[in-house]
$ cat target29.txt   # compact mmCIF, C-alpha atoms
# COMPACT_ATOMS: atom_id res chain seq x y z
CA MET L 274 80.20 100.62 121.56
CA VAL L 275 83.84 100.89 122.63
CA HIS L 276 85.84 103.71 121.09
CA TRP L 277 89.31 102.88 119.83
CA ASN L 278 92.31 103.64 122.00
CA LEU L 279 95.97 102.70 122.06
CA LEU L 280 95.51 99.76 124.42
CA ALA L 281 92.75 98.27 122.27
CA THR L 282 94.94 98.72 119.19
CA LEU L 283 97.81 96.80 120.68
CA LEU L 284 95.54 94.06 122.04
CA LEU L 285 93.75 93.48 118.74
CA VAL L 286 96.95 93.48 116.70
CA ALA L 287 98.47 91.00 119.16
CA GLN L 288 95.53 88.61 118.70
CA GLU L 289 96.48 87.89 115.10
CA PRO L 290 99.77 86.50 113.78
CA PRO L 291 101.62 89.39 112.11
CA ARG L 292 101.92 89.21 108.37
CA ALA L 293 105.43 89.28 107.03
CA ALA L 294 106.62 92.77 106.18
CA PRO L 295 108.07 93.14 102.67
CA ALA L 296 111.75 92.21 102.56
CA GLU L 297 112.48 95.08 100.22
CA ARG L 298 111.06 98.54 100.73
CA PRO L 299 109.92 100.59 97.72
CA ASN L 300 112.33 102.74 95.75
CA SER L 301 110.43 105.98 96.27
CA PRO L 302 111.49 109.51 97.27
CA ALA L 303 109.33 109.19 100.40
CA PHE L 304 111.70 106.52 101.68
CA ARG L 305 114.80 108.58 100.94
CA GLU L 306 114.04 111.85 102.72
CA PRO L 307 116.93 113.28 104.76
CA ALA L 308 117.00 111.99 108.36
CA ALA L 309 114.26 109.45 107.66
CA ALA L 310 114.24 106.55 110.15
CA ILE L 311 111.82 104.14 108.52
CA VAL L 312 110.85 100.82 110.06
CA PRO L 313 108.35 98.20 108.79
CA VAL L 314 105.13 97.69 110.75
CA ASN L 315 103.33 94.96 108.83
CA GLN L 316 102.51 94.07 105.25
CA ASN L 317 102.77 97.23 103.09
CA ILE L 318 102.99 99.59 106.11
CA TRP L 319 106.01 101.51 107.40
CA ILE L 320 106.56 104.27 109.98
CA ASP L 321 109.13 107.05 109.81
CA THR L 322 110.16 107.31 113.46
CA ASN L 323 112.10 110.55 113.01
CA PRO L 324 110.54 112.62 115.86
CA LYS L 325 110.62 115.76 113.71
CA ALA L 326 108.79 114.19 110.78
CA ARG L 327 106.66 111.26 111.91
CA ARG L 328 104.95 109.68 108.94
CA VAL L 329 103.08 106.51 108.00
CA LEU L 330 103.87 105.11 104.55
CA VAL L 331 101.63 102.63 102.74
CA ARG L 332 102.30 100.78 99.48
CA ALA L 333 99.04 100.68 97.50
CA TYR L 334 98.05 100.48 93.82
CA VAL L 335 95.58 102.22 91.51
CA CYS L 336 92.40 100.16 91.25
CA ARG L 337 90.13 102.68 89.46
CA GLN L 338 90.74 105.74 87.30
CA ARG L 339 87.06 106.47 86.70
CA ALA L 340 84.31 105.95 89.28
CA PRO L 341 81.99 107.69 91.74
CA LEU L 342 83.80 107.42 95.07
CA GLU L 343 83.08 106.18 98.56
CA GLU L 344 86.77 105.63 99.31
CA PHE L 345 90.09 107.12 98.35
CA MET L 346 91.90 103.99 99.57
CA CYS L 347 90.26 100.70 100.49
CA ARG L 348 91.39 97.29 101.63
CA LYS L 349 92.00 94.83 98.80
CA ASP L 350 88.91 92.78 97.89
CA SER L 351 86.48 95.20 99.53
CA LYS L 352 85.37 98.39 97.73
CA GLU L 353 87.61 98.64 94.67
CA HIS L 354 84.65 99.58 92.44
CA GLU L 355 84.27 102.86 94.39
CA SER L 356 87.87 103.64 95.32
CA VAL L 357 90.96 105.10 93.63
CA LEU L 358 93.50 103.00 95.52
CA ALA L 359 93.51 99.54 97.07
CA VAL L 360 96.06 97.90 99.35
CA GLU L 361 96.56 94.48 100.90
CA LEU L 362 97.04 95.08 104.62
CA ASP L 363 95.60 94.52 108.07
CA PRO L 364 93.42 97.57 108.90
CA LYS L 365 94.17 97.20 112.61
CA SER L 366 97.87 97.50 111.85
CA LEU L 367 97.24 100.67 109.85
CA GLN L 368 95.34 102.25 112.73
CA ALA L 369 98.04 101.13 115.17
CA ALA L 370 100.70 102.71 112.92
CA LEU L 371 98.86 106.04 112.84
CA ILE L 372 98.66 106.06 116.63
CA ALA L 373 102.32 105.05 116.92
CA ALA L 374 103.13 108.03 114.69
CA GLU L 375 101.57 110.18 117.44
CA LEU L 376 98.44 111.03 115.47
CA LYS L 377 95.35 111.43 117.63
CA PRO L 378 92.12 109.65 116.67
CA GLY L 379 88.81 111.44 117.13
CA SER L 380 85.38 110.04 116.27
CA PRO L 381 83.77 108.66 113.10
CA ALA L 382 80.73 110.40 111.63
CA ARG L 383 77.55 109.79 113.62
CA TYR L 384 73.96 110.91 114.09
CA ASP L 385 72.83 112.00 117.53
CA GLY L 386 69.07 111.96 117.26
CA GLU L 387 68.46 114.25 114.29
CA LYS L 388 71.81 116.02 114.43
CA PHE L 389 74.75 114.96 112.28
CA HIS L 390 78.24 115.03 113.75
CA PRO L 391 80.98 115.01 111.08
CA PRO L 392 84.15 112.97 111.55
CA SER L 393 86.67 114.55 113.90
CA GLY L 394 90.31 113.92 114.84
CA GLU L 395 93.84 114.98 114.00
CA GLN L 396 93.92 116.82 110.68
CA LEU L 397 96.04 114.91 108.19
CA GLU L 398 98.16 115.67 105.17
CA ILE L 399 97.96 112.78 102.70
CA THR L 400 100.20 112.71 99.65
CA VAL L 401 100.72 110.14 96.92
CA GLU L 402 103.92 109.31 95.04
CA TRP L 403 104.17 107.20 91.91
CA LYS L 404 106.49 106.58 88.98
CA GLN L 405 105.33 107.37 85.46
CA ASP L 406 107.45 107.42 82.31
CA GLY L 407 110.57 107.01 84.42
CA VAL L 408 109.81 110.02 86.64
CA PHE L 409 108.62 110.02 90.24
CA LYS L 410 105.62 112.30 90.71
CA LYS L 411 103.82 113.59 93.78
CA ALA L 412 100.37 115.03 94.53
CA ARG L 413 97.99 115.60 97.40
CA ALA L 414 95.26 113.00 97.75
CA GLN L 415 92.70 115.77 97.15
CA ASP L 416 94.15 116.29 93.66
CA TRP L 417 92.77 112.88 92.63
CA ILE L 418 89.24 113.52 93.94
CA ARG L 419 86.78 115.69 92.01
CA ASP L 420 83.58 117.32 93.26
CA PHE L 421 80.64 116.21 91.07
CA LYS L 422 79.05 119.65 91.22
CA THR L 423 82.03 121.98 90.68
CA GLN L 424 84.16 119.54 88.65
CA LYS L 425 87.17 120.81 90.60
CA ALA L 426 89.54 119.02 92.96
CA ILE L 427 88.22 118.97 96.49
CA THR L 428 89.67 121.18 99.23
CA HIS L 429 88.18 119.37 102.26
CA GLU L 430 90.67 118.09 104.81
CA PHE L 431 91.15 114.50 105.95
CA VAL L 432 90.99 113.64 109.66
CA PHE L 433 92.05 110.61 111.68
CA ALA L 434 88.58 109.58 112.82
CA GLY L 435 89.72 106.23 114.18
CA SER L 436 87.58 103.18 113.48
CA GLU L 437 85.73 101.55 116.36
CA ILE L 438 85.23 98.22 118.04
CA VAL L 439 81.64 97.06 118.42
CA GLU L 440 80.32 94.19 120.51
CA ASP L 441 77.71 91.78 119.21
CA PRO L 442 74.90 91.93 121.80
CA GLN L 443 74.22 88.21 121.44
CA THR L 444 77.65 86.60 121.03
CA LYS L 445 79.56 89.29 122.97
CA GLN L 446 82.26 89.01 120.32
CA LYS L 447 84.13 92.24 119.54
CA ARG L 448 84.59 93.32 115.94
CA PHE L 449 86.80 96.05 114.48
CA LEU L 450 84.68 97.96 111.96
CA GLY L 451 87.75 98.99 109.96
CA ASP L 452 88.09 95.40 108.76
CA GLY L 453 85.27 96.22 106.33
CA GLY L 454 87.80 98.05 104.17
CA ASP L 455 87.10 101.75 104.86
CA LEU L 456 90.71 102.91 105.16
CA VAL L 457 90.63 106.46 103.73
CA SER L 458 87.03 107.41 103.01
CA VAL L 459 85.42 110.26 101.11
CA ALA L 460 81.90 109.16 102.15
CA ASN L 461 81.09 108.90 105.85
CA PHE L 462 81.10 105.40 107.35
CA PRO L 463 81.21 104.35 111.02
CA GLY L 464 84.15 102.07 110.22
CA SER L 465 86.32 104.67 108.48
CA ILE L 466 89.86 104.94 109.84
CA VAL L 467 90.43 108.23 107.97
CA ASP L 468 87.58 110.33 106.60
CA LEU L 469 86.81 113.77 105.19
CA ALA L 470 85.77 116.31 107.82
CA VAL L 471 82.47 117.05 106.04
CA HIS L 472 79.00 115.56 105.78
CA SER L 473 79.37 113.23 102.79
CA SER L 474 76.59 110.78 101.88
CA ASN L 475 77.43 107.09 101.48
CA THR L 476 74.33 106.21 99.43
CA ASN L 477 75.04 105.39 95.80
CA ASP L 478 72.59 107.92 94.33
CA SER L 479 73.90 110.76 96.51
CA LEU L 480 77.70 110.41 96.34
CA LEU L 481 79.42 113.80 96.17
CA PHE L 482 82.79 112.93 94.66
CA GLU L 483 84.36 111.06 91.75
CA ALA L 484 87.82 110.06 90.62
CA PHE L 485 89.71 112.90 88.90
CA THR L 486 90.47 110.60 85.97
CA GLU L 487 92.85 112.86 84.06
CA ARG L 488 95.20 113.12 87.04
CA ILE L 489 95.32 109.46 88.05
CA PRO L 490 98.00 107.14 86.61
CA PRO L 491 97.07 103.87 84.87
CA GLN L 492 95.40 101.02 86.71
CA ASP L 493 97.76 98.81 88.78
CA THR L 494 100.36 101.59 89.09
CA GLU L 495 102.15 101.25 92.44
CA VAL L 496 101.51 104.27 94.67
CA ILE L 497 103.14 105.22 97.96
CA VAL L 498 100.65 106.92 100.28
CA VAL L 499 102.23 109.15 102.92
CA VAL L 500 100.20 110.24 105.95
CA ARG L 501 101.37 112.81 108.46
CA LYS L 502 100.01 115.53 110.69
CA SER L 503 98.81 118.50 108.65
CA GLN L 504 101.53 121.13 108.50
CA PRO L 505 100.50 124.80 108.85
CA LYS L 506 101.86 127.50 106.60
CA PRO L 507 104.19 130.12 108.07
CA GLY L 508 102.04 132.46 110.11
CA GLY L 509 99.60 129.74 111.17
CA ALA L 510 97.53 129.46 107.99
CA ALA L 511 96.08 126.18 106.85
CA ALA L 512 98.01 123.68 104.78
CA ASP L 513 98.68 124.47 101.13
CA ALA L 514 95.74 124.21 98.75
CA PRO L 515 95.79 121.24 96.36
CA GLN L 516 98.19 121.63 93.45
CA PRO L 517 98.28 119.75 90.15
CA ALA L 518 100.49 116.67 90.13
CA LYS L 519 104.09 117.38 89.27
CA ALA L 520 107.44 115.64 89.16
CA ALA L 521 109.08 115.26 92.55
CA ARG L 522 112.46 116.93 92.10
CA SER L 523 112.79 115.27 88.67
CA ASP L 524 113.96 112.17 90.54
CA ARG L 525 114.69 109.25 88.24
CA THR L 526 115.77 105.71 88.97
CA LYS L 527 119.05 104.93 87.32

$ encode --input "target29.txt" --output "structure tokens"
Amino acid sequence: MVHWNLLATLLLVAQEPPRAAPAERPNSPAFREPAAAIVPVNQNIWIDTNPKARRVLVRAYVCRQRAPLEEFMCRKDSKEHESVLAVELDPKSLQAALIAAELKPGSPARYDGEKFHPPSGEQLEITVEWKQDGVFKKARAQDWIRDFKTQKAITHEFVFAGSEIVEDPQTKQKRFLGDGGDLVSVANFPGSIVDLAVHSSNTNDSLLFEAFTERIPPQDTEVIVVVRKSQPKPGGAAADAPQPAKAARSDRTK
């Protein structure tokens, strides 16, 4: 097994013809932040290259409002029945964008004999922006994920695990596990690009989380997913706890 690194990212992305980036970027507050220097990466992926606020922006859509969850965001035509968001993109390009934004991948969840090792990597802040009733709204990804047991929004943090390349022992062909669709997972998979930093079962009868239906906008709503390094509070405390969705500066499109 070969762990992902920057060189492998660039090589794999180079092996495939790039998909055309959208000619028109979304009209969302995330794209209009002061000093933003946003450039397209590939289909539905952008990077804010401002060195003081490096971010990756992804244009996705709501695929489920009600479901037990394995994913928060999956690749289109993969795991929509167990995900809140779906997006049409090249997973290798997403991982390359996260690395280009100076986020450090760690390791996916794994078992070492009888011991479980949770996903590790750069701790991430993931927010979602969407337009509803003419108003742009914003929430943390955790606000849309509910714990089955407590019925409250989760507080676990996301980490950039970094999906891996595996080699078929017979054909010697290399395969990027992230192509399976595990983009932002809430159940642990070896192919997850981003995952929760907890032990979370991926078996259907033991899933820990579900969609927080009341907080999620209607199906097919366009959502901008913003990923950046987790920002500490003043004094070094952890990032803010999840807050209910609210309007983002009452920003309206004229």

$ closest_residue --input "target29.txt" --among "L:Pro378, L:Pro505, L:Gly454, L:Pro442" --to "Val360 of chain L" --atoms "only C-alpha atoms"
L:Gly454

$ closest_residue --input "target29.txt" --among "L:Lys422, L:Ala370, L:Leu358, L:Ala340" --to "Val312 of chain L" --atoms "only C-alpha atoms"
L:Ala370

$ closest_residue --input "target29.txt" --among "L:Val439, L:Val459, L:Ala470, L:Ala434" --to "Ile372 of chain L" --atoms "all atoms listed in the file"
L:Ala434

$ closest_residue --input "target29.txt" --among "L:Ala369, L:Ala414, L:Cys336, L:Val467" --to "Glu353 of chain L" --atoms "only C-alpha atoms"
L:Cys336

$ closest_residue --input "target29.txt" --among "L:Gly435, L:Leu481, L:Leu362, L:Trp417" --to "Arg339 of chain L" --atoms "all atoms listed in the file"
L:Trp417

$ closest_residue --input "target29.txt" --among "L:Gln504, L:Ser436, L:Val314, L:Ala359" --to "Cys347 of chain L" --atoms "all atoms listed in the file"
L:Ala359
